Structures are given as structure tokens and as C-alpha cells.
Amino acid sequence: MERSFARREVLGAAAAIGSAALLGPAAGAARAASPGSWPTRFPLPNGFQPEGIAIGRSPYAWCGSIADGDVYRASLATGRGRIVVEGLGAGRSVIGLKIDRQERRLFLSGGFSREIRVADARSGEMVRLFTVGAEGTMVNDVVLTPGAAWFTDSFRPQLYRLALDRRGEPAHEVATLPLGGAWEQGTDFTANGIARTPDGSALLVVNTVVEGGSLMRVDPRDGIARRVDLADLAIPFGDGLLLIGRHLYIVQQRLNQVDVVRLNAAGTRGRPVARITDPRFRIPTTAAAWGDRIYLPNARFDVPPTPDTEYDVVAVDQVTG
């Protein structure tokens with residue numbers, strides 16, 4: 001844990017591509033409402049150390065382990081689950097993760113291992129593994145677009161783009177997109193969560209340095225970043241991002257809250273509309289949606305991790321209107 005998450009505890013040649021057509025529209029409205037009898041909390045294995053969460057077309061949550069890179073799949077209907085991807089061991093974390101629409105591939109951010117991994121969601125086998133960046137790189141979060149998987153690097157001013165073909169098959173190399181414009185790179189942890197704009201024309205990235213914590217809009221063609229106007233909302237502990245329609249959920253982990261803003265289509269400005277808090281929050285880091293619920297893993301960065309430390313996922317209601 002030392003360097004990899006100490007800052008998070010305190011702070012809370014890319015190819016030119018088309019913009020809106022390639023990044024695609026934002027995720028649509030949530031699927032059919034979650035049955036009321038489904039659990040609103042379920043446990044993860046002791047010692048798991050969760051960070052990222054993903055939910056695909058089916059009612060299952062996929063969680064990655066900081067400890068050893070395991071991926072755990074849990075049924076949202078029962079809360080029961082199992083390890084479906086065996087991790088590569090200590091130092092080979094899974095931080096952020098996403099599952100594709102076909103629920104065939106898991107895209108995994110490997111933290112300080114500097115690895116980007118693609119795993120077969122059915123067999124658990126690793127089908128791609130890339131080492132990116134340089135010494136000190138931390139591959140943190142990931143978002144999927146119709147043409148690529150995009151990854152953040154928390155210690156270097158750049159994003160990584162793994163191209164996907166029309167069938168969703170990943171390429172055999174990763175491109176690096178340097179960040180410019182209004183992007184400011186700190187001497188420590190800087191970039192965090194990543195999402196798309198509602199119209200799919202750009203990427204949204206949390207920057208922990210700009211004005212003490214800001215949301216940046218990044219042009220995927222040239223890496224030029226501009227600060228998103230969020231009115232008077234500050235996000236000093238911004239972590240995972242979840243976009244549903246025009247509502248962007250910003251998980252502020254150390255504050256144990258989720259701020260919700262309604263964005264304009266281009267993602268250049270947003271209006272705060274809600275703040276979600278819950279007594280069950282124990283430093284949630286990321287979010288995924290199913291039905292009318294948002295699911296968040298509790299990373300518990302405020303306690304020393306041990307093999308017996310308990311972890312869980314909690315569900316809260318989505319914001320409507």
C-alpha cells in the first residue's frame with residue numbers, strides 16, 4: 001500500500017480519431033429497476049482490498065483487488081460470488097476495471113505494475129498484457145468507448161489508448177496521449193477517474209491538482225484539457241466517475257459522499273443537483289449502476305489492510321429528475 005495509496009488517503013503518439021462518432025454517446029438510462037428484495041449490501045472476501053467496480057448487461061458486479069489483482073464476481077440478486085480471474089500476485093493490483101457490452105472481456109488497470117490487462121470474462125484467462133509508461137507510472141482507471149479503452153496514469157500527464165476493432169477485439173499495442181492545455185501535473189498523485197462526455201465528443205478526467213481538485217474535459221484527438229465549470233462544487237477527493245445520461249456521479253472517497261452534477265451535452269459545464277451520503281460508506285472509491293441503484297465498493301483506506309479486514313459493496317438509489 002505504501003506509495004500507491006498514501007496520496008489517495010490524503011487527497012482523497014496517440015492516433016488522431018474522430019470525436020463524437022468514435023467515443024459514442026453516454027450510457028443510456030438504467031436497465032429495468034432492481035427488485036426491491038435484492039440486497040443493498042453484500043460482502044467481499046476478507047482481505048480483498050477493493051477499488052474498482054463494473055456492471056455489464058447482466059446483474060453481476062465485478063470488483064478488482066488491490067492486494068493481488070483478483071477479480072471477484074457477485075450476483076446482485078443474492079450477493080454471493082466467487083473469484084473469476086486469478087490475480088498475478090502481490091504488486092500486480094487491479095485498480096479500475098470495465099467489462100465490455102458482450103460481457104466477454106474485462107479491461108483491467110494494473111496500478112504500479114504499469115500493466116494494462118485484458119482478461120476473458122468467461123474463462124478468466126489473460127488475453128492481452130501491456131506494460132506502459134515509465135518508472136513511477138500508475139495505471140489507475142479505465143473507460144470504454146466504441147473504438148477504444150482509455151486509461152489514466154496518476155503520476156504522468158498522459159492517457160493510454162487501447163484501440164478496439166468493430167467486434168471489440170483489442171489491438172496488440174497501446175498508444176500514449178500526452179495531456180496539455182489547462183492540465184496541471186502535480187509532483188504526486190494527479191489523475192484519477194475517467195468517463196465520457198454525454199455527447200461522446202471528449203473524455204472527462206479528475207485532476208486532484210487544478211484549483212485543489214477539478215474535473216477536466218480532454219479532447220481525445222490532441223490531449224488538450226480544459227477545466228469543466230461545476231459552479232461552486234469542489235472535488236478535492238474526486239475518485240471514480242459514473243455517467244448516466246447527463247448525470248455525472250463523482251465519488252469523493254475520503255468525504256464519504258457522491259456528488260451528482262447535470263452536464264451539458266459537450267461536458268463543458270455542469271450544475272450540481274444532489275449529494276449522496278450514507279452511514280454505510282467507508283471510503284467508497286468507484287461506482288457502477290444497475291436498475292435504479294448505484295453500487296459502490298468500500299475501500300476502507302483509513303484502516304491498515306490485513307488478511308482479515310472486512311470489505312463490502314453497498315447500493316444507494318440513483319438520482320432522478
# chains A, B, ... in the order shown; residues from 1 in each chain; ligands from 1
>>> closest_atom_pairs(of="range 63-117 of chain A", to="range 283-287 of chain A", cutoff="10 Å", atoms="only C-alpha atoms", output="Markdown table")
| residue | atom | partner | partner_atom | distance |
| --- | --- | --- | --- | --- |
| A:Ile95 | CA | A:Thr286 | CA | 9.9 |
| A:Gly96 | CA | A:Thr286 | CA | 8.3 |
| A:Leu97 | CA | A:Thr286 | CA | 10.0 |
>>> residues_around(residues="Gly124 in chain A", least_positions_apart="6", cutoff="9 Å", atoms="only C-alpha atoms", output="JSON, numbers by chain")
{"A": [71, 84, 85, 86]}
>>> residues_around(residues="Cys63 in chain A", least_positions_apart="5", cutoff="8 Å", atoms="only C-alpha atoms", output="PyMOL selection string")
chain A and resi 50-54+71-73+97+297
>>> write_last_selection(atoms="N, CA and C atoms", output="compact mmCIF listing (two decimals), in the first residue's frame")
# COMPACT_ATOMS: atom_id res chain seq x y z
N PRO A 50 -10.79 -3.90 -2.20
CA PRO A 50 -11.39 -3.49 -3.47
C PRO A 50 -11.07 -2.05 -3.82
N GLU A 51 -11.17 -1.73 -5.09
CA GLU A 51 -11.07 -0.34 -5.55
C GLU A 51 -12.07 -0.08 -6.66
N GLY A 52 -11.97 -0.86 -7.76
CA GLY A 52 -12.85 -0.65 -8.90
C GLY A 52 -14.06 -1.58 -8.88
N ILE A 53 -15.12 -1.16 -9.62
CA ILE A 53 -16.31 -1.98 -9.79
C ILE A 53 -16.85 -1.76 -11.19
N ALA A 54 -17.41 -2.82 -11.77
CA ALA A 54 -18.03 -2.73 -13.09
C ALA A 54 -19.28 -3.60 -13.10
N VAL A 71 -10.10 -10.79 -9.52
CA VAL A 71 -11.38 -10.19 -9.87
C VAL A 71 -12.49 -11.08 -9.33
N TYR A 72 -13.38 -10.47 -8.57
CA TYR A 72 -14.47 -11.18 -7.89
C TYR A 72 -15.78 -10.79 -8.56
N ARG A 73 -16.60 -11.80 -8.88
CA ARG A 73 -17.92 -11.52 -9.48
C ARG A 73 -19.00 -11.91 -8.49
N LEU A 97 -11.54 -1.12 -13.45
CA LEU A 97 -11.87 -2.18 -14.40
C LEU A 97 -13.20 -1.87 -15.06
N PRO A 297 -18.00 0.03 -3.99
CA PRO A 297 -17.17 -0.74 -3.07
C PRO A 297 -16.55 0.17 -2.01
>>> residues_around(residues="Pro43 in chain A", least_positions_apart="4", cutoff="12 Å", atoms="only C-alpha atoms", output="ChimeraX atom specification")
/A:39,47-50,61,63,72-76,78-82,296-298,309-315
>>> closest_residue(among="A:Arg128, A:Arg262, A:Arg217, A:Arg282", to="Gly180 in chain A", atoms="only C-alpha atoms")
A:Arg217
>>> closest_residue(among="A:Pro170, A:Pro272, A:Gly136, A:Gly89", to="Ile116 in chain A", atoms="only C-alpha atoms")
A:Pro170
>>> closest_atom_pairs(of="range 39-156 of chain A", to="range 192-211 of chain A", cutoff="8 Å", atoms="only C-alpha atoms", output="CSV")
residue,atom,partner,partner_atom,distance
A:Asn140,CA,A:Asn192,CA,6.5
A:Asp141,CA,A:Gly193,CA,5.5
A:Val142,CA,A:Ile194,CA,6.3
A:Val143,CA,A:Ala195,CA,5.7
A:Thr145,CA,A:Arg196,CA,7.9
A:Phe151,CA,A:Ile194,CA,7.7
A:Thr152,CA,A:Asn192,CA,6.6
A:Asp153,CA,A:Asn192,CA,7.7
A:Ser154,CA,A:Asn192,CA,6.1
>>> write_last_selection(atoms="N, CA, C and O atoms", output="tab-separated table (two decimals), in the first residue's frame")
chain	number	residue	atom	x	y	z
A	140	ASN	N	-4.44	3.77	-13.45
A	140	ASN	CA	-5.46	3.89	-12.41
A	140	ASN	C	-6.85	3.47	-12.85
A	140	ASN	O	-7.39	2.49	-12.36
A	141	ASP	N	-7.47	4.22	-13.75
A	141	ASP	CA	-8.87	3.97	-14.08
A	141	ASP	C	-9.01	3.77	-15.58
A	141	ASP	O	-8.11	4.09	-16.37
A	142	VAL	N	-10.20	3.30	-16.00
A	142	VAL	CA	-10.43	2.96	-17.41
A	142	VAL	C	-11.88	3.26	-17.77
A	142	VAL	O	-12.78	3.12	-16.94
A	143	VAL	N	-12.08	3.71	-19.00
A	143	VAL	CA	-13.42	3.86	-19.56
A	143	VAL	C	-13.41	3.25	-20.96
A	143	VAL	O	-12.40	3.33	-21.68
A	145	THR	N	-15.01	3.13	-24.79
A	145	THR	CA	-15.75	3.83	-25.84
A	145	THR	C	-15.91	2.84	-27.00
A	145	THR	O	-15.29	1.78	-26.99
A	151	PHE	N	-7.19	4.70	-20.48
A	151	PHE	CA	-6.68	4.50	-19.12
A	151	PHE	C	-5.97	5.76	-18.64
A	151	PHE	O	-5.26	6.42	-19.41
A	152	THR	N	-6.14	6.07	-17.35
A	152	THR	CA	-5.43	7.21	-16.76
A	152	THR	C	-4.11	6.75	-16.14
A	152	THR	O	-3.96	5.60	-15.72
A	153	ASP	N	-3.16	7.68	-16.09
A	153	ASP	CA	-1.89	7.49	-15.40
A	153	ASP	C	-1.84	8.55	-14.31
A	153	ASP	O	-1.79	9.74	-14.59
A	154	SER	N	-1.83	8.13	-13.06
A	154	SER	CA	-1.95	9.09	-11.96
A	154	SER	C	-0.69	9.88	-11.69
A	154	SER	O	-0.74	10.89	-10.99
>>> select_by_dssp(residues="range 130-280 of chain A", states="strand (DSSP E)", output="compact mmCIF listing (two decimals) with C-alpha atoms, in the first residue's frame")
# COMPACT_ATOMS: atom_id res chain seq x y z
CA PHE A 130 0.87 -4.47 -21.91
CA THR A 131 3.45 -2.58 -19.88
CA VAL A 139 -2.37 2.88 -14.36
CA ASN A 140 -5.46 3.89 -12.41
CA ASP A 141 -8.87 3.97 -14.08
CA VAL A 142 -10.43 2.96 -17.41
CA VAL A 143 -13.42 3.86 -19.56
CA LEU A 144 -14.66 2.04 -22.67
CA THR A 145 -15.75 3.83 -25.84
CA ALA A 148 -11.04 2.21 -27.58
CA ALA A 149 -10.35 1.60 -23.92
CA TRP A 150 -8.83 4.68 -22.27
CA PHE A 151 -6.68 4.50 -19.12
CA THR A 152 -5.43 7.21 -16.76
CA ASP A 153 -1.89 7.49 -15.40
CA GLN A 158 -0.84 11.24 -20.24
CA LEU A 159 -3.63 8.81 -21.09
CA TYR A 160 -3.30 5.39 -22.72
CA ARG A 161 -5.48 4.31 -25.61
CA LEU A 162 -6.03 0.65 -26.46
CA ALA A 163 -7.83 0.51 -29.79
CA LEU A 164 -10.79 -1.84 -30.26
CA PRO A 170 -8.29 -5.18 -28.55
CA ALA A 171 -5.25 -4.18 -30.59
CA HIS A 172 -1.76 -5.53 -29.97
CA GLU A 173 -0.27 -2.19 -28.93
CA VAL A 174 -1.18 0.77 -26.76
CA ALA A 175 -0.89 4.43 -27.83
CA THR A 176 0.05 7.24 -25.44
CA LEU A 177 -1.77 10.59 -25.49
CA PRO A 178 0.15 13.45 -23.74
CA GLY A 180 -1.80 19.64 -22.43
CA GLY A 181 -3.83 22.81 -22.33
CA ALA A 191 -5.19 11.96 -12.48
CA ASN A 192 -7.92 9.72 -11.16
CA GLY A 193 -11.33 8.69 -12.55
CA ILE A 194 -12.30 8.87 -16.22
CA ALA A 195 -15.61 8.97 -18.13
CA ARG A 196 -17.07 10.24 -21.42
CA LEU A 203 -13.23 12.48 -22.09
CA LEU A 204 -13.71 13.66 -18.51
CA VAL A 205 -10.84 13.15 -16.07
CA VAL A 206 -10.49 14.01 -12.38
CA ASN A 207 -7.43 16.19 -11.69
CA SER A 214 -11.22 19.74 -10.65
CA LEU A 215 -12.92 17.92 -13.48
CA MET A 216 -11.10 18.26 -16.79
CA ARG A 217 -12.50 17.82 -20.30
CA VAL A 218 -9.88 16.21 -22.55
CA ILE A 224 -5.85 19.40 -24.83
CA ALA A 225 -7.57 19.71 -21.44
CA ARG A 226 -9.98 22.37 -20.24
CA ARG A 227 -11.48 22.74 -16.77
CA GLY A 238 -12.72 13.08 -6.55
CA ASP A 239 -12.16 9.45 -7.47
CA GLY A 240 -14.40 7.30 -9.69
CA LEU A 241 -16.77 8.80 -12.25
CA LEU A 242 -20.05 7.31 -13.48
CA LEU A 243 -22.06 8.89 -16.30
CA ILE A 244 -25.75 8.01 -16.73
CA HIS A 247 -25.93 12.89 -14.71
CA LEU A 248 -22.31 12.50 -13.68
CA TYR A 249 -21.71 10.79 -10.33
CA ILE A 250 -18.42 11.92 -8.76
CA VAL A 251 -17.29 9.70 -5.91
CA GLN A 252 -15.48 11.78 -3.28
CA GLN A 257 -20.09 11.22 -0.41
CA VAL A 258 -21.10 11.14 -4.05
CA ASP A 259 -21.74 14.46 -5.77
CA VAL A 260 -24.08 14.41 -8.76
CA VAL A 261 -23.94 17.08 -11.47
CA ARG A 262 -26.07 17.51 -14.55
CA LEU A 263 -23.79 18.19 -17.53
CA GLY A 270 -22.27 21.06 -15.04
CA ARG A 271 -24.81 22.02 -12.43
CA PRO A 272 -24.70 20.28 -9.02
CA VAL A 273 -28.08 18.62 -8.41
CA ALA A 274 -27.57 16.24 -5.49
CA ARG A 275 -25.20 14.89 -2.87
CA ILE A 276 -25.50 11.27 -1.76
CA THR A 277 -24.30 10.28 1.70
>>> atom_distance(atom1="CA of Ala121 in chain A", atom2="CA of Gly56 in chain A")
11.0 Å
>>> residues_around(residues="Val316 in chain A", least_positions_apart="3", cutoff="8 Å", atoms="only C-alpha atoms", output="number ranges by chain")
A: 40, 293-295
>>> write_last_selection(atoms="N, CA, C and O atoms", output="mmCIF file, in the first residue's frame")
data_model
loop_
_atom_site.group_PDB
_atom_site.id
_atom_site.type_symbol
_atom_site.label_atom_id
_atom_site.label_comp_id
_atom_site.auth_asym_id
_atom_site.auth_seq_id
_atom_site.Cartn_x
_atom_site.Cartn_y
_atom_site.Cartn_z
ATOM 1 N N THR A 40 -28.952 -4.618 -0.518
ATOM 2 C CA THR A 40 -28.349 -3.299 -0.726
ATOM 3 C C THR A 40 -26.940 -3.248 -0.131
ATOM 4 O O THR A 40 -26.319 -2.194 -0.119
ATOM 5 N N ARG A 293 -30.291 1.612 -9.004
ATOM 6 C CA ARG A 293 -29.313 1.658 -7.924
ATOM 7 C C ARG A 293 -27.910 1.965 -8.430
ATOM 8 O O ARG A 293 -27.569 1.667 -9.570
ATOM 9 N N ILE A 294 -27.115 2.546 -7.530
ATOM 10 C CA ILE A 294 -25.685 2.752 -7.736
ATOM 11 C C ILE A 294 -24.960 1.873 -6.720
ATOM 12 O O ILE A 294 -25.280 1.900 -5.521
ATOM 13 N N TYR A 295 -23.989 1.109 -7.194
ATOM 14 C CA TYR A 295 -23.227 0.199 -6.333
ATOM 15 C C TYR A 295 -21.808 0.737 -6.160
ATOM 16 O O TYR A 295 -21.165 1.123 -7.145
#
>>> closest_residue(among="A:Arg101, A:Ala299, A:Phe107, A:Ser65", to="Gly87 in chain A", atoms="only C-alpha atoms")
A:Ser65
>>> atom_distance(atom1="CA of Gly36 in chain A", atom2="CA of Asp317 in chain A")
11.2 Å
>>> residues_around(residues="Arg105 in chain A", least_positions_apart="5", cutoff="6 Å", atoms="only C-alpha atoms", output="list in words")
Ile99, Asp100, Ala119, Asp120 and Ala121 of chain A
>>> atom_distance(atom1="CA of Glu125 in chain A", atom2="CA of Gly168 in chain A")
17.0 Å
